[in-house]
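Participant: One structure, as structure tokens, below. Some questions next.
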Amino acid sequence: MHPAADSAGEGMEERVAPLPAAAVLTVWGASGSAPAAGACRCRWGGETVCFELRAEGAAPDAPSLMIDMGSGARDAGRAMTARCEAAGVAPRAVALLSHLHLDHVWGAPFFDPFYRAGSDIELRCGLYDDPEAFEADMRRLIAPPFFPIEPLTFGGARFSTFPVGAVFEAAGFRVTALPLHHPGGCMGFRIAGAGWSIAVIGDHEHGDPTADSNALALAEGADLVIFDGAYDDAEYPAHEGWGHSTWQRGLAFAAEAGAGQVLIHHHLPERTDAQLDAMATKVRETTNSADLAKQGVRWRLGKGGAAEL
Ligand SMILES: [Zn+2]
Ligand SMILES: [Zn+2]
């Protein structure tokens with residue numbers, strides 16, 4: 001059985017709580033490279049990669065599972081603090097960092113829960129063997145002279161790693177992590193609840209047999225696949241080796257994986273709303289189970305599959 005399989009839970013510690021029967025995924029940022037502000041991106045949004053997964057109906061003090069902390073993590077953190085303050089509880093989250101390229105950690109210095117007393121934010125990255133090396137790199141980024149203060153020293157931040165191919169529990173979900181093909185490395189994730197799963201495949205350039213097979217294993221039969229389609233097929237040859245794929249590849253990949261729904265993400269910052277509209281039209285015309293990931297949109301995962309809320 002491949003480590004991505006959801007059924008057996010092999011390699012996991014004994015669970016104390018059942019996996020969530022349903023969850024809600026919020027797209028806080030779906031762009032790549034650099035945040036894109038301005039009127040030309042007011043509808044699709046220009047924040048960089050950040051997703052949040054919460055069990056449906058979870059109590060305010062139940063932890064969120066964050067996937068990457070691009071600039072979208074700023075809004076995610078403010079919403080988390082507001083929700084927790086209203087309930088009189090401290091923010092809790094586990095953040096899986098696929099890798100530490102800036103577009104995946106831009107938002108960490110502005111993640112409000114780092115500044116809240118009693119918060120518990122666990123940062124996890126599988127590209128390191130040593131959690132202290134991971135912590136040192138994060139503290140290097142979020143410290144003078146690159147940032148005026150050191151929020152990670154305020155308490156509430158913990159750092160951990162996980163081995164390649166590990167199946168582990170994070171924020172109540174079952175996570176499988178495998179390496180993708182990207183300069184410096186990047187981890188892909190499969191995240192499962194009870195009877196449903198999603199796969200986050202980004203950043204990833206197709207063409208490396210091992211990484212392609214990892215991506216496929218993570219996405220096999222998933223209800224929702226988020227795929228790195230930064231380019232289209234016509235643009236790709238000029239960007240070969242840059243570590244990203246195309247939306248056409250994403251659709252073919254999702255079909256091969258037998259995925260229920262695919263969302264193309266890592267939108268280039270130079271694309272305008274009109275250009276993303278045009279790309280979305282082509283994506284939707286190719287298959288009715290594909291779309292571009294849109295900032296602010298939420299998806300429900302459960303026994304019926306993935307449905308946009
Ligand atoms: Zn990226
Ligand atoms: Zn990257």
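Chains: A, B, ... in order of the structure tokens. Residues: from 1 per chain. Ligands: from 1, in order shown.
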Find the residues near range 181-198 of chain A: any atom within 9 Å, counting only C-alpha atoms, skip ones fewer than 4 places away on the same chain, and give them as number ranges by chain.

Facilitator: A: 4, 6-7, 18-23, 55, 67, 96-101, 125-127, 164, 172-177, 202-208, 210-212, 214-215, 217-219, 221-226, 241-244, 259, 301-306

Participant: Which of range 85-234 of chain A counts as strand (DSSP E) under DSSP, as a ChimeraX atom specification please?

Facilitator: /A:92-96,120-124,157-160,167-170,173-179,187-192,197-201,224-228

Participant: Figure out the distance between CA of Ala95 in chain A and CA of Gly229 in chain A, please, to one decimal in Å.

Facilitator: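 Computed distance, CA of Gly229 in chain A to CA of Ala95 in chain A, equals 22.8 Å.
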
Participant: Among range 170-233 of chain A, which ones does DSSP place in alpha helix (DSSP H), written as JSON, numbers by chain?

Facilitator: {"A": [209, 210, 211, 212, 213, 214, 215, 216, 217, 218, 219]}

Participant: What is the CA of Arg74 in chain A-CA of Ala30 in chain A distance in Å, reported with one decimal?

Facilitator: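 That distance, rounded to one decimal, is 13.4 Å.
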
Participant: Which chains and residue numbers are within 8 Å of ligand 1, counting only C-alpha atoms and all ligand atoms, if I want them as a ChimeraX atom specification?

Facilitator: /A:32-33,48-49,101-104,202-203,266

Participant: Could you write out that same residue set with C-alpha atoms as an mmCIF file, in the first residue's frame?

Facilitator:
```cif
data_model
loop_
_atom_site.group_PDB
_atom_site.id
_atom_site.type_symbol
_atom_site.label_atom_id
_atom_site.label_comp_id
_atom_site.auth_asym_id
_atom_site.auth_seq_id
_atom_site.Cartn_x
_atom_site.Cartn_y
_atom_site.Cartn_z
ATOM 1 C CA GLY A 32 2.556 32.909 -6.524
ATOM 2 C CA SER A 33 5.879 34.731 -6.658
ATOM 3 C CA THR A 48 0.169 34.629 -2.166
ATOM 4 C CA VAL A 49 -0.369 31.025 -1.166
ATOM 5 C CA HIS A 101 10.338 30.542 -0.693
ATOM 6 C CA LEU A 102 9.151 34.041 0.128
ATOM 7 C CA ASP A 103 5.759 33.725 -1.564
ATOM 8 C CA HIS A 104 4.980 30.903 0.898
ATOM 9 C CA GLY A 202 2.511 23.164 -5.287
ATOM 10 C CA ASP A 203 5.138 24.298 -6.138
ATOM 11 C CA HIS A 266 0.043 29.935 -8.066
#
```

Participant: Rounded to one decimal place, report the CA of Leu123 in chain A-CA of Phe159 in chain A distance in Å.

Facilitator: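 Distance between the two atoms: 4.9 Å.
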
Participant: Choose the residue, out of A:Ala34, A:Ala87, A:Ala290, A:Ile264, that has the smallest atom-to-atom separation from ligand 2; count only C-alpha atoms and all ligand atoms.

Facilitator: A:Ala34

Participant: Given only C-alpha atoms as the basis, pick out the residue of A:Leu276, A:Pro179, A:Ile201, A:Ala307 nearest to Gly260 in chain A.

Facilitator: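 So, comparing all the options, the nearest one is A:Ala307.
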
Participant: Calculated over only C-alpha atoms, which of the candidates A:Ala58, A:Met279, A:Ala274, A:Leu25 has the smallest distance to Tyr231 in chain A?

Facilitator: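 Ranking A:Ala58, A:Met279, A:Ala274, A:Leu25 by distance to Tyr231 in chain A, first place goes to A:Met279.
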
Participant: Which neighbours of Glu135 in chain A fall inside 9 Å, counting only C-alpha atoms, when residues of the same chain fewer than 3 positions from it are skipped, and could you give them as a PDB file with N, CA and C atoms, in the first residue's frame?

Facilitator:
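Result written to selection-v4.pdb:
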```
ATOM      1  N   LEU A 123       4.704  25.332  13.686  1.00  0.00           N
ATOM      2  CA  LEU A 123       5.172  25.426  12.298  1.00  0.00           C
ATOM      3  C   LEU A 123       5.884  24.128  11.961  1.00  0.00           C
ATOM      4  N   ASP A 130      16.416  18.662  10.915  1.00  0.00           N
ATOM      5  CA  ASP A 130      16.627  19.211  12.254  1.00  0.00           C
ATOM      6  C   ASP A 130      15.671  20.392  12.494  1.00  0.00           C
ATOM      7  N   PRO A 131      14.754  20.254  13.452  1.00  0.00           N
ATOM      8  CA  PRO A 131      13.811  21.358  13.703  1.00  0.00           C
ATOM      9  C   PRO A 131      14.510  22.664  14.092  1.00  0.00           C
ATOM     10  N   GLU A 132      15.701  22.550  14.708  1.00  0.00           N
ATOM     11  CA  GLU A 132      16.413  23.775  15.100  1.00  0.00           C
ATOM     12  C   GLU A 132      16.925  24.535  13.878  1.00  0.00           C
ATOM     13  N   MET A 138      13.638  30.434   9.958  1.00  0.00           N
ATOM     14  CA  MET A 138      12.448  31.273  10.133  1.00  0.00           C
ATOM     15  C   MET A 138      12.768  32.513  10.969  1.00  0.00           C
ATOM     16  N   ARG A 139      13.578  32.333  11.993  1.00  0.00           N
ATOM     17  CA  ARG A 139      13.933  33.486  12.842  1.00  0.00           C
ATOM     18  C   ARG A 139      14.847  34.450  12.098  1.00  0.00           C
ATOM     19  N   ARG A 140      15.615  33.924  11.155  1.00  0.00           N
ATOM     20  CA  ARG A 140      16.474  34.789  10.341  1.00  0.00           C
ATOM     21  C   ARG A 140      15.608  35.704   9.468  1.00  0.00           C
ATOM     22  N   ARG A 158       6.038  27.081  17.834  1.00  0.00           N
ATOM     23  CA  ARG A 158       6.825  25.855  17.990  1.00  0.00           C
ATOM     24  C   ARG A 158       7.235  25.381  16.598  1.00  0.00           C
ATOM     25  N   PHE A 159       8.329  24.650  16.535  1.00  0.00           N
ATOM     26  CA  PHE A 159       8.881  24.241  15.244  1.00  0.00           C
ATOM     27  C   PHE A 159       9.108  22.739  15.230  1.00  0.00           C
ATOM     28  N   SER A 160       8.695  22.110  14.138  1.00  0.00           N
ATOM     29  CA  SER A 160       8.942  20.676  14.032  1.00  0.00           C
ATOM     30  C   SER A 160       9.096  20.283  12.572  1.00  0.00           C
TER      31      SER A 160
END
```

Participant: Using only C-alpha atoms and all ligand atoms, which residue out of A:Ser245, A:Thr286, A:Thr272, A:Thr81 lies closest to ligand 2?

Facilitator: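 Using only C-alpha atoms and all ligand atoms, the shortest distance to ligand 2 belongs to A:Ser245.
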
Participant: Find the residues near Ser64 in chain A: any atom within 8 Å, counting only C-alpha atoms, skip ones fewer than 3 places away on the same chain, and give them as an mmCIF file with N, CA and C atoms, in the first residue's frame.

Facilitator:
```cif
data_model
loop_
_atom_site.group_PDB
_atom_site.id
_atom_site.type_symbol
_atom_site.label_atom_id
_atom_site.label_comp_id
_atom_site.auth_asym_id
_atom_site.auth_seq_id
_atom_site.Cartn_x
_atom_site.Cartn_y
_atom_site.Cartn_z
ATOM 1 N N GLU A 52 -6.477 27.490 4.617
ATOM 2 C CA GLU A 52 -6.812 27.112 5.994
ATOM 3 C C GLU A 52 -7.895 26.050 5.958
ATOM 4 N N LEU A 53 -7.685 24.991 6.716
ATOM 5 C CA LEU A 53 -8.661 23.914 6.779
ATOM 6 C C LEU A 53 -9.149 23.787 8.212
ATOM 7 N N ARG A 54 -10.470 23.787 8.383
ATOM 8 C CA ARG A 54 -11.046 23.614 9.720
ATOM 9 C C ARG A 54 -12.156 22.571 9.648
ATOM 10 N N ARG A 92 -5.080 28.756 18.040
ATOM 11 C CA ARG A 92 -4.259 27.547 17.891
ATOM 12 C C ARG A 92 -4.236 27.153 16.428
ATOM 13 N N ALA A 93 -3.078 26.773 15.944
ATOM 14 C CA ALA A 93 -2.968 26.339 14.545
ATOM 15 C C ALA A 93 -1.722 25.489 14.355
ATOM 16 N N VAL A 94 -1.804 24.628 13.358
ATOM 17 C CA VAL A 94 -0.625 23.926 12.858
ATOM 18 C C VAL A 94 -0.437 24.411 11.429
ATOM 19 N N ALA A 171 -3.534 18.984 13.494
ATOM 20 C CA ALA A 171 -4.794 19.693 13.751
ATOM 21 C C ALA A 171 -6.008 18.773 13.578
#
```

Participant: Restricting the calculation to only C-alpha atoms, which member of A:Ala59, A:Ala86, A:Ala157, A:Leu263 is positioned closest to Glu122 in chain A?

Facilitator: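 Ranking A:Ala59, A:Ala86, A:Ala157, A:Leu263 by distance to Glu122 in chain A, first place goes to A:Ala157.
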
Participant: Using only C-alpha atoms and all ligand atoms, which residue out of A:Ala255, A:Leu180, A:Ala76, A:Leu292 lies closest to ligand 2?

Facilitator: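 Among the listed residues, A:Leu180 lies closest to ligand 2.
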